[in-house]
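See structure below.
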Amino acid sequence: MNTEKCDILIIGSGIAGLSFALEVADVAKIVVATKKGRADSATNYAQGGIAAAIGDDDSIASHIEDTIKTGDGFCREDVVNLVATEGPLKIRRLIEWGAAFSEELTGKLSLGREGGHTHHRIVHKADHTGKEVEKALLDQVRNHPNIELIEDAICVDLITDRHTSPSTRPEYKTCYGGYVFNPQTKKIDLIEAKITLMASGGMGRIWLNTTNPMIATGDGVAMSWRAGARIANLEFMQFHPTVLYDPLKAGSQSFLITEALRGFGGILRNQRGERFMEKIHPMAELAPRDVVARAIDNERKRWGIDHVWLDISHQSADEIRNRFPTIYQRLLEDHEIDMTVSPIPVVPAAHYQCGGVMTDTWGRTTICNLYAAGEVAYTGLHGANRLASNSLLEAVVFASRAAESARERLKELSGTNNDAIPPWDDSGTYDPEEWVLIAHDLGEIQKLMEDYVGIVRSDLRLRRAKRRISLITGEIEDYWRRTVVSPELVELRNIAQVARLVVRYALLRKESRGLHYTTDYPQKDTFYEKRDTVFQ
Ligand SMILES: Cc1cc2nc3c(=O)[nH]c(=O)nc-3n(C[C@H](O)[C@H](O)[C@H](O)COP(=O)(O)OP(=O)(O)OC[C@H]3O[C@@H](n4cnc5c(N)ncnc54)[C@H](O)[C@@H]3O)c2cc1C
């Protein structure tokens, strides 16, 4: 086993991890551990863009109002205020780092519009904004002498007091870094750090159909949960209304058809060609995502159809090709769909976790020296439903605030050392090479979550999911204790633990609000007004 010491360990190389690294690297030696390739992140797939009130007719107040309205009265207003206010500055910061966003002929930033936004305020790079941002950040990180980025290095667990001897335990739960898989030796290394940032992204892969890439297995929530951090509001999972319907690809990453396409005039129709959103919400196709996703789910159940259609063919073909080059190419080349003349078959899929590891407005979790930022964190911004394109913004705002706080914290921690951390204990484990168990358990959990913990829930379905997932989780724990650690097993264990938590959280909220909709309690209940669901 190797031991490495650094000032800051960052878990994850998406927008949150990389922008945090860049904000603090002038005063700290940083290790970024990322579990696959450096660009393997949800950030890299973001299409629509980043919300910020910079348009001539827009205002911070309007961005705040739209965020709170979409969050269904459940957002933390101080957080919404600070994120919307810092938004324009952070866009400038990303441009300084090298992100080249799309511009109008006048040289002004081109601003798109998405669901729930009353103004054009989505800064974007055509329809591949995330790729542009990720590339710019990685280029900066590559050139920084204080940042070491290690690929294929999955963090297995956070190091906290439960790993040290009782005599050295501080008064408050404290984090000292992480146990990280070494792809060369296939052993677990100890990376000791004064400060740790959890920036491990989301958990979409606990569902069968998801827009999320393979890395989104809920590791950050699972690790922080095991370490004893407070976790909030996991029942609020956003299902994106429109991913490409492709029955041959169930279980792999679904192809997202950005909301910006509806902002560009896209119309949703059922199999009869009827537009159905107009009757449901005054903003029609641009209603908040939960409303659109439920409406599609309802159309599918009502008519017994597999998907609905998203039609943009009434717009100019040249403009469609210019604004959505990636989607146009991909549909044409891989699916023989020409979106300039034909509608696109679409369904909803798991997309974004609104809950997560609780932080304060400086990104500090309830564990000393452990910060969290990005999708893994619960800051209070999104409330019961995320406003489109607010997540990249939240990640970059909170990464920067966490960096500011970490700078101060590092000064307080200078000179401290902890030699009481033991190496990873793998005694009694062996390599049974039973990969079929992993594949089978994974498939079963994803199917259970899809069928019973999806867009429309009920107590009966949730209880059934709870029983079955508890059984599988128990079996996986047993297997874990006997088996040599591998990245696949780490992910499976995390997926099982997080799936179980989501069900537990969903069962507790006996009302329907935002993204959590249950047929047993279809209305909002004032008892739950402003009440986060929190476990530790
Ligand atoms: C298809 C798609 C489109 C989207 N479009 C938009 C959009 O237009 N606008 C918007 O605001 N948001 C969008 N989102 C959401 C947004 O992309 C994410 O919320 C955001 O990128 C999250 O950034 P992050 O840094 O928190 O996590 P990520 O970018 O997901 O990065 C997480 C990192 O952590 C690493 N990691 C995970 N677990 C471990 C572990 N155990 N050990 C080590 N490393 C680990 C991963 O490998 C990865 O490097 C979209 C998401 C998807 C999937």
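The way I read the labels, and the way they are meant: chains A, B, ... in the order of the structure tokens, residue 1 as the first residue of every chain, and ligand 1 as the first ligand shown, with later ones counted on from there.
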Protein and nucleic acid residues within 6 Å of ligand 1 (only C-alpha atoms and all ligand atoms) as an MDAnalysis selection string: chainID A and resid 11:17 33:36 40:43 45:50 153:156 199:202 211:212 215 219 256 374:376 389:392
Expected answer as a ChimeraX atom specification: helix (DSSP H, G or I) residues in range 131-279 of chain A: /A:131-142,161-163,166-168,204-206,219-227,247-249,260-263,277-279
Please produce a file of the residues just selected, as a tab-separated table (two decimals), in the first residue's frame, where the atoms kept are N, CA and C atoms.
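So selection.tsv came out as:
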chain	number	residue	atom	x	y	z
A	131	LYS	N	-19.00	20.01	-22.68
A	131	LYS	CA	-17.72	19.59	-23.27
A	131	LYS	C	-16.76	20.78	-23.34
A	132	GLU	N	-17.29	21.93	-23.71
A	132	GLU	CA	-16.47	23.14	-23.82
A	132	GLU	C	-15.92	23.53	-22.44
A	133	VAL	N	-16.79	23.47	-21.43
A	133	VAL	CA	-16.36	23.87	-20.08
A	133	VAL	C	-15.34	22.87	-19.54
A	134	GLU	N	-15.63	21.59	-19.68
A	134	GLU	CA	-14.74	20.54	-19.16
A	134	GLU	C	-13.35	20.66	-19.81
A	135	LYS	N	-13.34	20.90	-21.11
A	135	LYS	CA	-12.06	21.01	-21.83
A	135	LYS	C	-11.26	22.22	-21.31
A	136	ALA	N	-11.95	23.34	-21.16
A	136	ALA	CA	-11.26	24.55	-20.69
A	136	ALA	C	-10.66	24.31	-19.30
A	137	LEU	N	-11.44	23.69	-18.41
A	137	LEU	CA	-10.96	23.46	-17.04
A	137	LEU	C	-9.79	22.48	-17.03
A	138	LEU	N	-9.92	21.42	-17.82
A	138	LEU	CA	-8.84	20.42	-17.85
A	138	LEU	C	-7.55	21.02	-18.41
A	139	ASP	N	-7.68	21.90	-19.41
A	139	ASP	CA	-6.48	22.56	-19.95
A	139	ASP	C	-5.78	23.38	-18.87
A	140	GLN	N	-6.56	24.09	-18.07
A	140	GLN	CA	-5.98	24.90	-16.99
A	140	GLN	C	-5.32	24.01	-15.94
A	141	VAL	N	-6.01	22.93	-15.58
A	141	VAL	CA	-5.50	22.03	-14.53
A	141	VAL	C	-4.20	21.36	-14.99
A	142	ARG	N	-4.17	20.98	-16.26
A	142	ARG	CA	-2.99	20.29	-16.83
A	142	ARG	C	-1.75	21.15	-16.67
A	161	ASP	N	-12.80	9.51	11.77
A	161	ASP	CA	-12.39	9.03	13.11
A	161	ASP	C	-12.68	7.56	13.33
A	162	ARG	N	-13.68	7.03	12.59
A	162	ARG	CA	-13.97	5.61	12.82
A	162	ARG	C	-12.79	4.74	12.41
A	163	HIS	N	-11.85	5.29	11.62
A	163	HIS	CA	-10.67	4.52	11.23
A	163	HIS	C	-9.50	4.73	12.19
A	166	PRO	N	-9.41	5.36	19.32
A	166	PRO	CA	-10.25	6.24	20.15
A	166	PRO	C	-9.44	7.33	20.85
A	167	SER	N	-8.18	7.05	21.19
A	167	SER	CA	-7.39	8.03	21.95
A	167	SER	C	-7.07	9.28	21.11
A	168	THR	N	-7.08	9.13	19.76
A	168	THR	CA	-6.73	10.30	18.94
A	168	THR	C	-7.97	11.00	18.37
A	204	GLY	N	-27.68	9.00	-11.05
A	204	GLY	CA	-28.69	8.57	-12.02
A	204	GLY	C	-28.65	7.08	-12.35
A	205	ARG	N	-27.48	6.47	-12.17
A	205	ARG	CA	-27.37	5.07	-12.61
A	205	ARG	C	-28.03	4.08	-11.66
A	206	ILE	N	-28.65	4.57	-10.60
A	206	ILE	CA	-29.42	3.60	-9.81
A	206	ILE	C	-30.75	3.30	-10.50
A	219	ASP	N	-21.61	7.43	-5.53
A	219	ASP	CA	-20.51	7.11	-4.60
A	219	ASP	C	-20.37	8.16	-3.49
A	220	GLY	N	-20.52	9.43	-3.87
A	220	GLY	CA	-20.29	10.50	-2.90
A	220	GLY	C	-21.29	10.48	-1.77
A	221	VAL	N	-22.56	10.26	-2.12
A	221	VAL	CA	-23.59	10.18	-1.08
A	221	VAL	C	-23.33	8.95	-0.21
A	222	ALA	N	-23.00	7.83	-0.85
A	222	ALA	CA	-22.78	6.58	-0.07
A	222	ALA	C	-21.58	6.74	0.87
A	223	MET	N	-20.49	7.29	0.36
A	223	MET	CA	-19.29	7.45	1.21
A	223	MET	C	-19.56	8.42	2.35
A	224	SER	N	-20.23	9.52	2.04
A	224	SER	CA	-20.49	10.54	3.07
A	224	SER	C	-21.47	10.00	4.10
A	225	TRP	N	-22.41	9.22	3.63
A	225	TRP	CA	-23.38	8.58	4.53
A	225	TRP	C	-22.67	7.64	5.49
A	226	ARG	N	-21.79	6.81	4.94
A	226	ARG	CA	-21.05	5.87	5.81
A	226	ARG	C	-20.17	6.62	6.80
A	227	ALA	N	-19.68	7.79	6.35
A	227	ALA	CA	-18.81	8.57	7.23
A	227	ALA	C	-19.61	9.33	8.30
A	247	PRO	N	-35.35	1.39	-27.38
A	247	PRO	CA	-35.51	0.19	-26.54
A	247	PRO	C	-34.27	-0.71	-26.56
A	248	LEU	N	-33.44	-0.61	-27.59
A	248	LEU	CA	-32.26	-1.49	-27.65
A	248	LEU	C	-31.17	-1.05	-26.69
A	249	LYS	N	-31.30	0.18	-26.16
A	249	LYS	CA	-30.22	0.71	-25.32
A	249	LYS	C	-30.61	0.81	-23.84
A	260	ALA	N	-33.54	22.93	-24.50
A	260	ALA	CA	-33.40	24.11	-25.36
A	260	ALA	C	-34.14	23.88	-26.69
A	261	LEU	N	-34.34	22.62	-27.05
A	261	LEU	CA	-35.08	22.34	-28.28
A	261	LEU	C	-36.55	22.73	-28.14
A	262	ARG	N	-37.06	22.53	-26.91
A	262	ARG	CA	-38.43	23.02	-26.67
A	262	ARG	C	-38.43	24.54	-26.55
A	263	GLY	N	-37.32	25.09	-26.01
A	263	GLY	CA	-37.19	26.55	-25.96
A	263	GLY	C	-37.13	27.15	-27.35
A	277	MET	N	-49.47	19.44	-24.06
A	277	MET	CA	-48.99	20.26	-22.95
A	277	MET	C	-49.80	21.55	-22.77
A	278	GLU	N	-50.39	22.05	-23.85
A	278	GLU	CA	-51.15	23.31	-23.77
A	278	GLU	C	-52.27	23.22	-22.74
A	279	LYS	N	-52.89	22.02	-22.64
A	279	LYS	CA	-54.04	21.86	-21.73
A	279	LYS	C	-53.58	21.72	-20.28
Pick from A:Thr258, A:Thr518, A:Asn494, A:Asn209, whichever lies nearest to Lys447 in chain A using only C-alpha atoms: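 Counting only C-alpha atoms, the residue closest to Lys447 in chain A is A:Asn209.
In the backbone-derived DSSP annotation, strand (DSSP E) within range 43-190 of chain A comprises Ile50, Ala51, Leu111, Gly112, Ile122, Val123, Ile147, Glu148, Leu149, Ile150, Cys155, Val156, Asp157, Leu158, Ile159, Thr160, Cys175, Tyr176, Gly177, Gly178, Tyr179, Val180, Phe181, Ile188, Asp189 and Leu190 of chain A.
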All residues 9 Å or closer to Pro348 in chain A, only C-alpha atoms, same chain fewer than 4 positions away omitted, as a ChimeraX atom specification: /A:209-210,239-245,292-294,296-297,307,455
Neighbour list for Gly514 in chain A as a VMD selection string, cut-off 8 Å, only C-alpha atoms, skip fewer than 4 positions in-chain: chain A and resid 70 to 72 236 290 384 to 385
How would the residues just chosen look if you wrote them out with all heavy atoms as a PDB file, in the first residue's frame?
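Generated output (selection_14.pdb):
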ATOM      1  N   THR A  70     -39.984  27.231  -9.530  1.00  0.00           N
ATOM      2  CA  THR A  70     -39.766  25.846  -9.984  1.00  0.00           C
ATOM      3  C   THR A  70     -39.486  24.936  -8.795  1.00  0.00           C
ATOM      4  O   THR A  70     -39.939  23.794  -8.758  1.00  0.00           O
ATOM      5  CB  THR A  70     -38.585  25.800 -10.986  1.00  0.00           C
ATOM      6  OG1 THR A  70     -38.896  26.650 -12.080  1.00  0.00           O
ATOM      7  CG2 THR A  70     -38.344  24.386 -11.483  1.00  0.00           C
ATOM      8  N   GLY A  71     -38.766  25.434  -7.801  1.00  0.00           N
ATOM      9  CA  GLY A  71     -38.425  24.626  -6.614  1.00  0.00           C
ATOM     10  C   GLY A  71     -39.619  24.352  -5.721  1.00  0.00           C
ATOM     11  O   GLY A  71     -39.492  23.732  -4.666  1.00  0.00           O
ATOM     12  N   ASP A  72     -40.807  24.821  -6.131  1.00  0.00           N
ATOM     13  CA  ASP A  72     -42.064  24.522  -5.459  1.00  0.00           C
ATOM     14  C   ASP A  72     -42.070  24.995  -4.004  1.00  0.00           C
ATOM     15  O   ASP A  72     -42.490  24.261  -3.096  1.00  0.00           O
ATOM     16  CB  ASP A  72     -42.351  23.009  -5.532  1.00  0.00           C
ATOM     17  CG  ASP A  72     -43.847  22.742  -5.642  1.00  0.00           C
ATOM     18  OD1 ASP A  72     -44.623  23.716  -5.570  1.00  0.00           O
ATOM     19  OD2 ASP A  72     -44.243  21.577  -5.785  1.00  0.00           O
ATOM     20  N   PHE A 236     -36.152  13.762  -3.975  1.00  0.00           N
ATOM     21  CA  PHE A 236     -36.358  14.667  -5.110  1.00  0.00           C
ATOM     22  C   PHE A 236     -35.385  14.359  -6.239  1.00  0.00           C
ATOM     23  O   PHE A 236     -34.320  14.961  -6.344  1.00  0.00           O
ATOM     24  CB  PHE A 236     -36.224  16.125  -4.662  1.00  0.00           C
ATOM     25  CG  PHE A 236     -37.278  16.554  -3.677  1.00  0.00           C
ATOM     26  CD1 PHE A 236     -36.936  17.126  -2.468  1.00  0.00           C
ATOM     27  CD2 PHE A 236     -38.624  16.382  -3.973  1.00  0.00           C
ATOM     28  CE1 PHE A 236     -37.908  17.516  -1.551  1.00  0.00           C
ATOM     29  CE2 PHE A 236     -39.607  16.769  -3.068  1.00  0.00           C
ATOM     30  CZ  PHE A 236     -39.243  17.339  -1.857  1.00  0.00           C
ATOM     31  N   ASP A 290     -40.812  18.630 -13.907  1.00  0.00           N
ATOM     32  CA  ASP A 290     -41.641  17.610 -13.263  1.00  0.00           C
ATOM     33  C   ASP A 290     -43.011  17.561 -13.921  1.00  0.00           C
ATOM     34  O   ASP A 290     -43.585  16.482 -14.125  1.00  0.00           O
ATOM     35  CB  ASP A 290     -41.760  17.866 -11.749  1.00  0.00           C
ATOM     36  CG  ASP A 290     -42.358  19.225 -11.419  1.00  0.00           C
ATOM     37  OD1 ASP A 290     -42.019  20.196 -12.115  1.00  0.00           O
ATOM     38  OD2 ASP A 290     -43.155  19.309 -10.480  1.00  0.00           O
ATOM     39  N   ALA A 384     -37.508  21.522  -4.246  1.00  0.00           N
ATOM     40  CA  ALA A 384     -38.129  20.251  -4.622  1.00  0.00           C
ATOM     41  C   ALA A 384     -38.008  19.970  -6.117  1.00  0.00           C
ATOM     42  O   ALA A 384     -38.472  18.937  -6.589  1.00  0.00           O
ATOM     43  CB  ALA A 384     -39.599  20.273  -4.219  1.00  0.00           C
ATOM     44  N   ASN A 385     -37.394  20.896  -6.859  1.00  0.00           N
ATOM     45  CA  ASN A 385     -37.252  20.692  -8.304  1.00  0.00           C
ATOM     46  C   ASN A 385     -36.231  21.679  -8.843  1.00  0.00           C
ATOM     47  O   ASN A 385     -36.317  22.877  -8.561  1.00  0.00           O
ATOM     48  CB  ASN A 385     -38.606  20.920  -9.002  1.00  0.00           C
ATOM     49  CG  ASN A 385     -38.572  20.524 -10.463  1.00  0.00           C
ATOM     50  OD1 ASN A 385     -37.628  19.905 -10.937  1.00  0.00           O
ATOM     51  ND2 ASN A 385     -39.608  20.906 -11.182  1.00  0.00           N
TER      52      ASN A 385
END
Residue among A:Glu299, A:Glu104, A:Glu394, A:Glu336 lying closest to Ala51 in chain A, counting only C-alpha atoms: A:Glu394
Residue with smallest distance to Cys6 in chain A - pool A:Val397, A:Ile495, A:Ile421, A:Ile30, counting only C-alpha atoms: A:Ile30
Residue with smallest distance to Val24 in chain A - pool A:Glu103, A:Asp525, A:Glu148, A:Glu404, counting only C-alpha atoms: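 Counting only C-alpha atoms, the residue closest to Val24 in chain A is A:Glu404.
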For range 108-124 of chain A: contacts at 8 Å, only C-alpha atoms, fewer than 2 positions along chain excluded, given as a PyMOL selection string: chain A and resi 47-55+57-58+62-63+66-67+70+101-106+126-129+259-260+262-264+283+285-289+387-389
Pairwise distance for CA of Lys173 in chain A and CA of Ile159 in chain A, rounded to one decimal in Å: 10.6 Å
Within 9 Å of Thr361 in chain A using only C-alpha atoms, minus same-chain residues under 5 positions, as a list of chain:residue names: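 Once the nearby chain positions are removed, what remains is A:Asp78, A:Val79, A:Leu82, A:Thr379, A:Phe398, A:Arg401, A:Ala402.
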